[in-house]
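Pasting final-v9.pdb here (PDB, C-alpha atoms and all ligand atoms):
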```
ATOM      1  CA  MET A1458       0.000   0.000   0.000  1.00  0.00           C
ATOM      2  CA  ARG A1459       1.231   3.484  -0.842  1.00  0.00           C
ATOM      3  CA  GLY A1460       1.256   6.533   1.379  1.00  0.00           C
ATOM      4  CA  ARG A1461       2.872   9.952   1.606  1.00  0.00           C
ATOM      5  CA  ILE A1462       5.620  10.582   4.106  1.00  0.00           C
ATOM      6  CA  HIS A1463       7.287  13.801   5.136  1.00  0.00           C
ATOM      7  CA  SER A1464      10.502  12.419   6.635  1.00  0.00           C
ATOM      8  CA  ILE A1465      12.142   9.672   8.653  1.00  0.00           C
ATOM      9  CA  GLN A1466      14.208   9.797  11.824  1.00  0.00           C
ATOM     10  CA  SER A1467      15.905   6.461  12.320  1.00  0.00           C
ATOM     11  CA  PHE A1468      17.047   7.020  15.921  1.00  0.00           C
ATOM     12  CA  SER A1469      14.874   8.923  18.388  1.00  0.00           C
ATOM     13  CA  THR A1470      14.544   8.768  22.155  1.00  0.00           C
ATOM     14  CA  LEU A1471      11.748  11.364  22.343  1.00  0.00           C
ATOM     15  CA  ASP A1472       8.852   9.642  20.607  1.00  0.00           C
ATOM     16  CA  GLY A1473       7.867   6.781  22.882  1.00  0.00           C
ATOM     17  CA  PRO A1474       9.728   4.205  24.976  1.00  0.00           C
ATOM     18  CA  GLY A1475      13.268   3.096  24.153  1.00  0.00           C
ATOM     19  CA  ILE A1476      14.897   3.860  20.837  1.00  0.00           C
ATOM     20  CA  ARG A1477      12.406   4.587  18.083  1.00  0.00           C
ATOM     21  CA  PHE A1478      12.378   4.606  14.300  1.00  0.00           C
ATOM     22  CA  VAL A1479      10.053   7.527  13.565  1.00  0.00           C
ATOM     23  CA  ILE A1480       8.123   8.049  10.344  1.00  0.00           C
ATOM     24  CA  PHE A1481       6.516  11.462   9.953  1.00  0.00           C
ATOM     25  CA  LEU A1482       3.532  11.202   7.646  1.00  0.00           C
ATOM     26  CA  GLN A1483       2.461  13.992   5.327  1.00  0.00           C
ATOM     27  CA  GLY A1484      -0.832  15.855   5.747  1.00  0.00           C
ATOM     28  CA  CYS A1485      -2.710  17.399   8.644  1.00  0.00           C
ATOM     29  CA  PRO A1486      -6.245  18.852   8.841  1.00  0.00           C
ATOM     30  CA  LEU A1487      -5.431  20.930  11.941  1.00  0.00           C
ATOM     31  CA  ARG A1488      -3.608  24.230  12.280  1.00  0.00           C
ATOM     32  CA  CYS A1489      -2.164  24.248  15.793  1.00  0.00           C
ATOM     33  CA  ALA A1490      -0.794  27.661  16.674  1.00  0.00           C
ATOM     34  CA  CYS A1491       2.257  25.975  18.220  1.00  0.00           C
ATOM     35  CA  CYS A1492       2.863  23.571  15.288  1.00  0.00           C
ATOM     36  CA  HIS A1493       6.515  22.671  14.737  1.00  0.00           C
ATOM     37  CA  ASN A1494       5.929  21.031  11.398  1.00  0.00           C
ATOM     38  CA  PRO A1495       3.884  23.320   9.123  1.00  0.00           C
ATOM     39  CA  ASP A1496       5.685  21.697   6.195  1.00  0.00           C
ATOM     40  CA  THR A1497       3.697  18.500   6.930  1.00  0.00           C
ATOM     41  CA  TRP A1498       0.285  20.152   6.492  1.00  0.00           C
ATOM     42  CA  ASP A1499      -0.209  19.769   2.731  1.00  0.00           C
ATOM     43  CA  PRO A1500      -1.594  16.250   2.101  1.00  0.00           C
ATOM     44  CA  ALA A1501      -0.291  16.399  -1.484  1.00  0.00           C
ATOM     45  CA  GLY A1502       3.273  17.188  -0.392  1.00  0.00           C
ATOM     46  CA  GLY A1503       6.005  14.886   0.833  1.00  0.00           C
ATOM     47  CA  THR A1504       7.148  11.718  -0.907  1.00  0.00           C
ATOM     48  CA  GLU A1505       5.093   8.721  -1.936  1.00  0.00           C
ATOM     49  CA  THR A1506       6.374   5.368  -0.756  1.00  0.00           C
ATOM     50  CA  ASP A1507       4.992   1.957   0.140  1.00  0.00           C
ATOM     51  CA  ASP A1508       4.656   0.110   3.409  1.00  0.00           C
ATOM     52  CA  GLY A1509       6.914  -2.752   2.308  1.00  0.00           C
ATOM     53  CA  ALA A1510       9.827  -0.416   1.576  1.00  0.00           C
ATOM     54  CA  LEU A1511       9.337   1.312   4.917  1.00  0.00           C
ATOM     55  CA  LEU A1512       9.237  -1.994   6.766  1.00  0.00           C
ATOM     56  CA  GLU A1513      12.593  -2.939   5.256  1.00  0.00           C
ATOM     57  CA  ARG A1514      14.108   0.281   6.587  1.00  0.00           C
ATOM     58  CA  VAL A1515      12.606  -0.374  10.017  1.00  0.00           C
ATOM     59  CA  LEU A1516      13.964  -3.914  10.048  1.00  0.00           C
ATOM     60  CA  ARG A1517      17.479  -2.649   9.297  1.00  0.00           C
ATOM     61  CA  CYS A1518      17.343  -0.749  12.606  1.00  0.00           C
ATOM     62  CA  ARG A1519      15.713  -3.378  14.783  1.00  0.00           C
ATOM     63  CA  ASP A1520      18.980  -4.308  16.546  1.00  0.00           C
ATOM     64  CA  TYR A1521      18.926  -0.865  18.167  1.00  0.00           C
ATOM     65  CA  PHE A1522      15.403  -1.172  19.516  1.00  0.00           C
ATOM     66  CA  GLY A1523      16.230  -3.344  22.527  1.00  0.00           C
ATOM     67  CA  ALA A1524      13.385  -4.531  24.728  1.00  0.00           C
ATOM     68  CA  GLU A1525      11.366  -1.309  24.649  1.00  0.00           C
ATOM     69  CA  GLY A1526      11.934   0.438  21.312  1.00  0.00           C
ATOM     70  CA  GLY A1527      10.248   0.103  17.949  1.00  0.00           C
ATOM     71  CA  LEU A1528       8.387   2.095  15.335  1.00  0.00           C
ATOM     72  CA  THR A1529       6.574   5.376  15.983  1.00  0.00           C
ATOM     73  CA  VAL A1530       4.362   6.896  13.306  1.00  0.00           C
ATOM     74  CA  SER A1531       3.895  10.629  13.734  1.00  0.00           C
ATOM     75  CA  GLY A1532       3.006  13.566  11.515  1.00  0.00           C
ATOM     76  CA  GLY A1533       1.322  15.639  10.377  1.00  0.00           C
ATOM     77  CA  GLU A1534      -1.699  13.648  11.441  1.00  0.00           C
ATOM     78  CA  PRO A1535      -1.032   9.981  10.662  1.00  0.00           C
ATOM     79  CA  LEU A1536      -4.699   9.015  10.830  1.00  0.00           C
ATOM     80  CA  LEU A1537      -5.343  11.003   7.652  1.00  0.00           C
ATOM     81  CA  GLN A1538      -3.730   7.929   6.035  1.00  0.00           C
ATOM     82  CA  SER A1539      -5.285   5.323   8.296  1.00  0.00           C
ATOM     83  CA  ALA A1540      -5.239   2.400   5.887  1.00  0.00           C
ATOM     84  CA  PHE A1541      -1.549   2.982   5.188  1.00  0.00           C
ATOM     85  CA  VAL A1542      -0.668   3.163   8.892  1.00  0.00           C
ATOM     86  CA  ARG A1543      -2.719   0.061   9.623  1.00  0.00           C
ATOM     87  CA  ALA A1544      -0.923  -1.881   6.886  1.00  0.00           C
ATOM     88  CA  LEU A1545       2.478  -0.759   8.146  1.00  0.00           C
ATOM     89  CA  PHE A1546       1.648  -1.549  11.769  1.00  0.00           C
ATOM     90  CA  GLN A1547       0.333  -4.983  10.821  1.00  0.00           C
ATOM     91  CA  ARG A1548       3.610  -5.736   9.043  1.00  0.00           C
ATOM     92  CA  CYS A1549       5.544  -4.597  12.130  1.00  0.00           C
ATOM     93  CA  ARG A1550       3.373  -6.668  14.431  1.00  0.00           C
ATOM     94  CA  ALA A1551       4.101  -9.729  12.296  1.00  0.00           C
ATOM     95  CA  GLU A1552       7.827  -9.033  12.841  1.00  0.00           C
ATOM     96  CA  GLY A1553       7.407  -8.535  16.589  1.00  0.00           C
ATOM     97  CA  ILE A1554       8.158  -4.814  16.404  1.00  0.00           C
ATOM     98  CA  HIS A1555       6.461  -2.496  18.902  1.00  0.00           C
ATOM     99  CA  THR A1556       4.139   0.065  17.267  1.00  0.00           C
ATOM    100  CA  ALA A1557       3.399   3.539  18.600  1.00  0.00           C
ATOM    101  CA  LEU A1558       0.928   6.015  17.117  1.00  0.00           C
ATOM    102  CA  ASP A1559       1.490   9.729  17.752  1.00  0.00           C
ATOM    103  CA  THR A1560      -1.845  11.432  17.058  1.00  0.00           C
ATOM    104  CA  SER A1561      -3.954  14.476  17.810  1.00  0.00           C
ATOM    105  CA  GLY A1562      -6.984  12.195  18.187  1.00  0.00           C
ATOM    106  CA  CYS A1563      -9.076  14.535  16.037  1.00  0.00           C
ATOM    107  CA  ILE A1564     -10.060  11.880  13.464  1.00  0.00           C
ATOM    108  CA  VAL A1565     -12.425   9.397  15.082  1.00  0.00           C
ATOM    109  CA  THR A1566     -13.823   7.475  12.127  1.00  0.00           C
ATOM    110  CA  ASP A1567     -14.206   3.679  12.033  1.00  0.00           C
ATOM    111  CA  GLU A1568     -11.266   3.513   9.628  1.00  0.00           C
ATOM    112  CA  ALA A1569      -9.051   5.585  11.933  1.00  0.00           C
ATOM    113  CA  LEU A1570     -10.042   3.491  14.933  1.00  0.00           C
ATOM    114  CA  SER A1571      -9.187   0.310  13.034  1.00  0.00           C
ATOM    115  CA  VAL A1572      -5.510   1.341  13.249  1.00  0.00           C
ATOM    116  CA  LEU A1573      -5.773   0.687  16.977  1.00  0.00           C
ATOM    117  CA  ASP A1574      -6.110  -3.052  16.261  1.00  0.00           C
ATOM    118  CA  ALA A1575      -2.377  -3.038  15.457  1.00  0.00           C
ATOM    119  CA  THR A1576      -1.240  -0.292  17.881  1.00  0.00           C
ATOM    120  CA  ASP A1577       0.732  -1.126  21.043  1.00  0.00           C
ATOM    121  CA  LEU A1578       0.995   2.418  22.405  1.00  0.00           C
ATOM    122  CA  CYS A1579      -0.758   5.690  21.637  1.00  0.00           C
ATOM    123  CA  LEU A1580       0.938   9.025  22.238  1.00  0.00           C
ATOM    124  CA  LEU A1581      -2.207  11.150  22.418  1.00  0.00           C
ATOM    125  CA  ASP A1582      -1.827  14.897  22.332  1.00  0.00           C
ATOM    126  CA  HIS A1583      -4.243  16.576  24.709  1.00  0.00           C
ATOM    127  CA  LYS A1584      -3.306  19.976  23.411  1.00  0.00           C
ATOM    128  CA  MET A1585      -5.514  22.443  25.254  1.00  0.00           C
ATOM    129  CA  PRO A1586      -7.458  22.401  28.536  1.00  0.00           C
ATOM    130  CA  THR A1587     -10.799  23.704  27.183  1.00  0.00           C
ATOM    131  CA  ASP A1588     -13.014  23.428  24.133  1.00  0.00           C
ATOM    132  CA  ALA A1589     -12.740  27.189  23.527  1.00  0.00           C
ATOM    133  CA  LEU A1590      -8.922  26.996  23.425  1.00  0.00           C
ATOM    134  CA  TYR A1591      -9.056  23.933  21.186  1.00  0.00           C
ATOM    135  CA  ARG A1592     -11.275  25.738  18.698  1.00  0.00           C
ATOM    136  CA  ARG A1593      -9.160  28.884  18.821  1.00  0.00           C
ATOM    137  CA  HIS A1594      -5.625  27.483  18.794  1.00  0.00           C
ATOM    138  CA  VAL A1595      -5.970  23.993  17.263  1.00  0.00           C
ATOM    139  CA  GLY A1596      -8.892  24.218  14.867  1.00  0.00           C
ATOM    140  CA  CYS A1597     -11.149  21.440  16.166  1.00  0.00           C
ATOM    141  CA  PRO A1598     -13.460  20.834  19.124  1.00  0.00           C
ATOM    142  CA  ILE A1599     -12.091  19.047  22.191  1.00  0.00           C
ATOM    143  CA  ALA A1600     -14.735  16.326  21.723  1.00  0.00           C
ATOM    144  CA  GLY A1601     -12.592  14.444  19.155  1.00  0.00           C
ATOM    145  CA  PRO A1602      -9.506  13.823  21.326  1.00  0.00           C
ATOM    146  CA  GLU A1603     -11.729  13.111  24.336  1.00  0.00           C
ATOM    147  CA  ARG A1604     -13.666  10.484  22.394  1.00  0.00           C
ATOM    148  CA  PHE A1605     -10.415   9.064  21.029  1.00  0.00           C
ATOM    149  CA  LEU A1606      -9.180   8.643  24.603  1.00  0.00           C
ATOM    150  CA  ARG A1607     -12.372   6.784  25.528  1.00  0.00           C
ATOM    151  CA  GLU A1608     -11.846   4.476  22.542  1.00  0.00           C
ATOM    152  CA  LEU A1609      -8.262   3.791  23.663  1.00  0.00           C
ATOM    153  CA  ASP A1610      -9.515   3.031  27.151  1.00  0.00           C
ATOM    154  CA  ALA A1611     -12.248   0.721  25.889  1.00  0.00           C
ATOM    155  CA  ARG A1612      -9.618  -1.228  23.926  1.00  0.00           C
ATOM    156  CA  GLY A1613      -7.112  -1.224  26.801  1.00  0.00           C
ATOM    157  CA  ILE A1614      -4.335   0.333  24.682  1.00  0.00           C
ATOM    158  CA  ASP A1615      -1.425   1.797  26.649  1.00  0.00           C
ATOM    159  CA  THR A1616      -1.535   5.573  26.290  1.00  0.00           C
ATOM    160  CA  TRP A1617       0.700   8.516  27.060  1.00  0.00           C
ATOM    161  CA  LEU A1618      -1.153  11.815  27.333  1.00  0.00           C
ATOM    162  CA  ARG A1619       0.993  14.690  26.112  1.00  0.00           C
ATOM    163  CA  ARG A1620       0.723  18.468  26.220  1.00  0.00           C
ATOM    164  CA  VAL A1621       3.065  21.214  25.085  1.00  0.00           C
ATOM    165  CA  VAL A1622       3.470  23.766  27.885  1.00  0.00           C
ATOM    166  CA  ILE A1623       3.055  27.158  26.188  1.00  0.00           C
ATOM    167  CA  PRO A1624       3.639  30.231  28.365  1.00  0.00           C
ATOM    168  CA  THR A1625       0.363  32.120  29.072  1.00  0.00           C
ATOM    169  CA  VAL A1626      -1.702  29.571  27.098  1.00  0.00           C
ATOM    170  CA  THR A1627      -1.267  26.078  28.604  1.00  0.00           C
ATOM    171  CA  ASP A1628       1.010  26.694  31.599  1.00  0.00           C
ATOM    172  CA  ASP A1629      -1.684  27.238  34.239  1.00  0.00           C
ATOM    173  CA  PRO A1630      -0.852  24.789  37.072  1.00  0.00           C
ATOM    174  CA  ASP A1631      -4.541  24.040  37.722  1.00  0.00           C
ATOM    175  CA  ASP A1632      -5.039  23.091  34.064  1.00  0.00           C
ATOM    176  CA  LEU A1633      -1.985  20.835  34.189  1.00  0.00           C
ATOM    177  CA  ARG A1634      -3.168  19.233  37.418  1.00  0.00           C
ATOM    178  CA  ALA A1635      -6.484  18.555  35.674  1.00  0.00           C
ATOM    179  CA  LEU A1636      -4.563  16.798  32.897  1.00  0.00           C
ATOM    180  CA  TYR A1637      -2.802  14.588  35.455  1.00  0.00           C
ATOM    181  CA  ALA A1638      -6.182  13.909  37.093  1.00  0.00           C
ATOM    182  CA  LEU A1639      -7.565  12.839  33.714  1.00  0.00           C
ATOM    183  CA  GLY A1640      -4.617  10.470  33.396  1.00  0.00           C
ATOM    184  CA  GLU A1641      -5.245   9.104  36.907  1.00  0.00           C
ATOM    185  CA  ARG A1642      -8.886   8.281  36.266  1.00  0.00           C
ATOM    186  CA  THR A1643      -8.377   6.798  32.792  1.00  0.00           C
ATOM    187  CA  ARG A1644      -7.174   3.222  33.119  1.00  0.00           C
ATOM    188  CA  CYS A1645      -5.242   3.007  29.859  1.00  0.00           C
ATOM    189  CA  VAL A1646      -3.057   6.042  30.626  1.00  0.00           C
ATOM    190  CA  ARG A1647       0.439   4.995  31.664  1.00  0.00           C
ATOM    191  CA  LYS A1648       2.056   8.404  31.667  1.00  0.00           C
ATOM    192  CA  VAL A1649       1.376  12.127  31.358  1.00  0.00           C
ATOM    193  CA  GLU A1650       4.151  13.914  29.517  1.00  0.00           C
ATOM    194  CA  LEU A1651       4.642  17.686  29.490  1.00  0.00           C
ATOM    195  CA  LEU A1652       6.777  19.099  26.694  1.00  0.00           C
ATOM    196  CA  PRO A1653       8.304  22.609  26.760  1.00  0.00           C
ATOM    197  CA  PHE A1654       7.218  25.008  23.997  1.00  0.00           C
ATOM    198  CA  ARG A1655      10.126  25.778  21.650  1.00  0.00           C
ATOM    199  CA  LYS A1656      10.430  28.061  18.641  1.00  0.00           C
ATOM    200  CA  LEU A1657      13.030  26.301  16.501  1.00  0.00           C
ATOM    201  CA  CYS A1658      10.322  26.020  13.850  1.00  0.00           C
ATOM    202  CA  GLN A1659      10.275  29.801  13.239  1.00  0.00           C
ATOM    203  CA  ALA A1660      12.668  29.304  10.314  1.00  0.00           C
ATOM    204  CA  LYS A1661      10.198  26.907   8.646  1.00  0.00           C
ATOM    205  CA  TYR A1662       7.399  29.475   8.859  1.00  0.00           C
ATOM    206  CA  ASP A1663       9.717  32.155   7.495  1.00  0.00           C
ATOM    207  CA  ALA A1664      10.724  29.902   4.596  1.00  0.00           C
ATOM    208  CA  MET A1665       7.049  29.161   3.853  1.00  0.00           C
ATOM    209  CA  GLY A1666       6.177  32.880   4.048  1.00  0.00           C
ATOM    210  CA  ILE A1667       3.453  32.382   6.663  1.00  0.00           C
ATOM    211  CA  PRO A1668       3.206  33.757  10.213  1.00  0.00           C
ATOM    212  CA  PHE A1669       4.029  31.544  13.209  1.00  0.00           C
ATOM    213  CA  PRO A1670       0.915  32.219  15.331  1.00  0.00           C
ATOM    214  CA  PHE A1671       2.735  31.752  18.639  1.00  0.00           C
ATOM    215  CA  GLY A1672       5.968  33.340  17.436  1.00  0.00           C
ATOM    216  CA  HIS A1673       5.422  36.274  19.795  1.00  0.00           C
ATOM    217  CA  LEU A1674       5.312  34.053  22.901  1.00  0.00           C
ATOM    218  CA  PRO A1675       8.414  33.191  24.926  1.00  0.00           C
ATOM    219  CA  GLU A1676       9.762  29.659  24.961  1.00  0.00           C
ATOM    220  CA  CYS A1677       9.012  27.555  28.043  1.00  0.00           C
ATOM    221  CA  GLN A1678      12.129  27.882  30.224  1.00  0.00           C
ATOM    222  CA  ALA A1679      11.057  25.416  32.911  1.00  0.00           C
ATOM    223  CA  LEU A1680       8.100  23.082  33.297  1.00  0.00           C
ATOM    224  CA  PRO A1681       5.776  24.192  36.134  1.00  0.00           C
ATOM    225  CA  LYS A1682       6.250  22.476  39.483  1.00  0.00           C
ATOM    226  CA  LEU A1683       2.907  20.893  40.389  1.00  0.00           C
TER     227      LEU A1683
HETATM  228  S1  LIG B   1      -1.705  18.173  14.756  1.00  0.00           S
HETATM  229 FE1  LIG B   1       0.548  18.226  14.726  1.00  0.00          FE
HETATM  230  S2  LIG B   1       1.118  18.540  12.571  1.00  0.00           S
HETATM  231 FE2  LIG B   1      -1.067  19.039  12.769  1.00  0.00          FE
HETATM  232  S3  LIG B   1      -1.101  21.262  13.050  1.00  0.00           S
HETATM  233 FE3  LIG B   1      -1.134  20.286  15.083  1.00  0.00          FE
HETATM  234  S4  LIG B   1       1.008  20.158  15.750  1.00  0.00           S
HETATM  235 FE4  LIG B   1       0.984  20.548  13.504  1.00  0.00          FE
END
```
If you convert what's in this file into structure tokens, what do you get?
Ligand code: SF4
Amino acid sequence: MRGRIHSIQSFSTLDGPGIRFVIFLQGCPLRCACCHNPDTWDPAGGTETDDGALLERVLRCRDYFGAEGGLTVSGGEPLLQSAFVRALFQRCRAEGIHTALDTSGCIVTDEALSVLDATDLCLLDHKMPTDALYRRHVGCPIAGPERFLRELDARGIDTWLRRVVIPTVTDDPDDLRALYALGERTRCVRKVELLPFRKLCQAKYDAMGIPFPFGHLPECQALPKL
């Protein structure tokens, strides 16, 4: 099966447990104001490839994975290409390779949820604390990611909840405590991960000739102590 990818990182320690082979898929329906990868947005961009060729590249790196590592599919929004991700994950499963899906949870169709049949771990972005902030700074209602989390829980799929800590937007300690509380009361959640807001992506926006919506905000210097 063919799909469009943006890029590959063959050795990452930031995208799930252990050492990960990360495939960034092309295309995203959202427009997060903190997005680091605006060059992944265009679903017609990137490079077309097929799941068999990608699997071969993953297999070449499997000696590095150890007990915990494996493949992470990120984006863009990987569930825009659900059938492709499912095919790739199924091939990995057949090889005994751990599969992690890094998603915004905004696409909750039957086809998107079918990817979960071959997913070992979901890195679910819970980007904003309220529906109003989701609509304003992400471009979708909060209902999608919340339903996606319920689907993960119903299937018993290990989940890491993640949020980028953006000064003045998502750094309120009460909001972050509420995120931890959500993790506590949701059985499938194994970890809540806070990530500091960075602005390395400014150069990408400049090159694309579009404004970086959160370019005026400071970077997160230290994660809040809760
Ligand atoms: S979901 Fe990810 S790729 Fe899409 S706009 Fe948001 S941060 Fe960017």
Which value, in Å to one decimal, gives the distance between atom CA of Pro1586 of chain A and atom CA of Leu1657 of chain A?
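Going from atom CA of Pro1586 of chain A over to atom CA of Leu1657 of chain A, I get 24.1 Å.
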Do a neighbour search on Gly1532 of chain A at 10 Å with all atoms listed in the file, toss out local chain neighbours closer than 5 positions, and write the hits as a PyMOL selection string.
chain A and resi 1462-1464+1479-1485+1494+1497-1498+1537+1558-1561
Counting all atoms listed in the file, which of A:Leu1578, A:Val1649, A:Ala1638, A:Ile1564 gets nearest to Gly1526 of chain A?
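Among the listed residues, the smallest separation from Gly1526 of chain A belongs to A:Leu1578.
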At a cut-off of 12 Å and counting only C-alpha atoms and all ligand atoms, what residues surround ligand LIG 1 (chain B)? Please answer as a VMD selection string.
chain A and resid 1463 1481 to 1500 1531 to 1537 1559 to 1564 1580 to 1585 1591 1594 to 1597 1602 1619 to 1621 1654 1658 1662 1669 to 1670
Evaluate the PyMOL selection byres (((chain A and resi 1682) around 10) and not hetatm) against this structure - the residues, as number ranges by chain, please.
A: 1630, 1633, 1679-1681, 1683
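Considering only C-alpha atoms, the residue among A:Glu1603, A:Arg1477, A:Leu1471, A:His1673 positioned nearest to Leu1651 of chain A is A:Leu1471.
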Segment 1581-1592 of chain A, all listed atoms, 8 Å padding on each side: what axis-aligned box centre and edge lengths in Å to one decimal come out, as lines of an AutoDock Vina configuration file?
```
center_x = -7.4
center_y = 19.2
center_z = 23.6
size_x = 27.2
size_y = 32.0
size_z = 25.8
```
Please determine, counting all atoms listed in the file, which residue among A:Gly1666, A:Phe1671, A:Leu1636, A:Thr1576 has the shortest atom-to-atom distance to Glu1650 of chain A.
A:Leu1636
If we count only C-alpha atoms, what is near Ile1554 of chain A at a cut-off of 10 Å, once residues fewer than 2 positions away on the same chain are taken out, given as a list in words?
Val1515, Leu1516, Arg1519, Phe1522, Ala1524, Glu1525, Gly1526, Gly1527, Leu1528, Phe1546, Gln1547, Arg1548, Cys1549, Arg1550, Ala1551, Glu1552, Thr1556, Ala1557 and Asp1577 of chain A
In Å to one decimal, how far is atom CA of Cys1677 of chain A from atom CA of Pro1653 of chain A?
5.2 Å
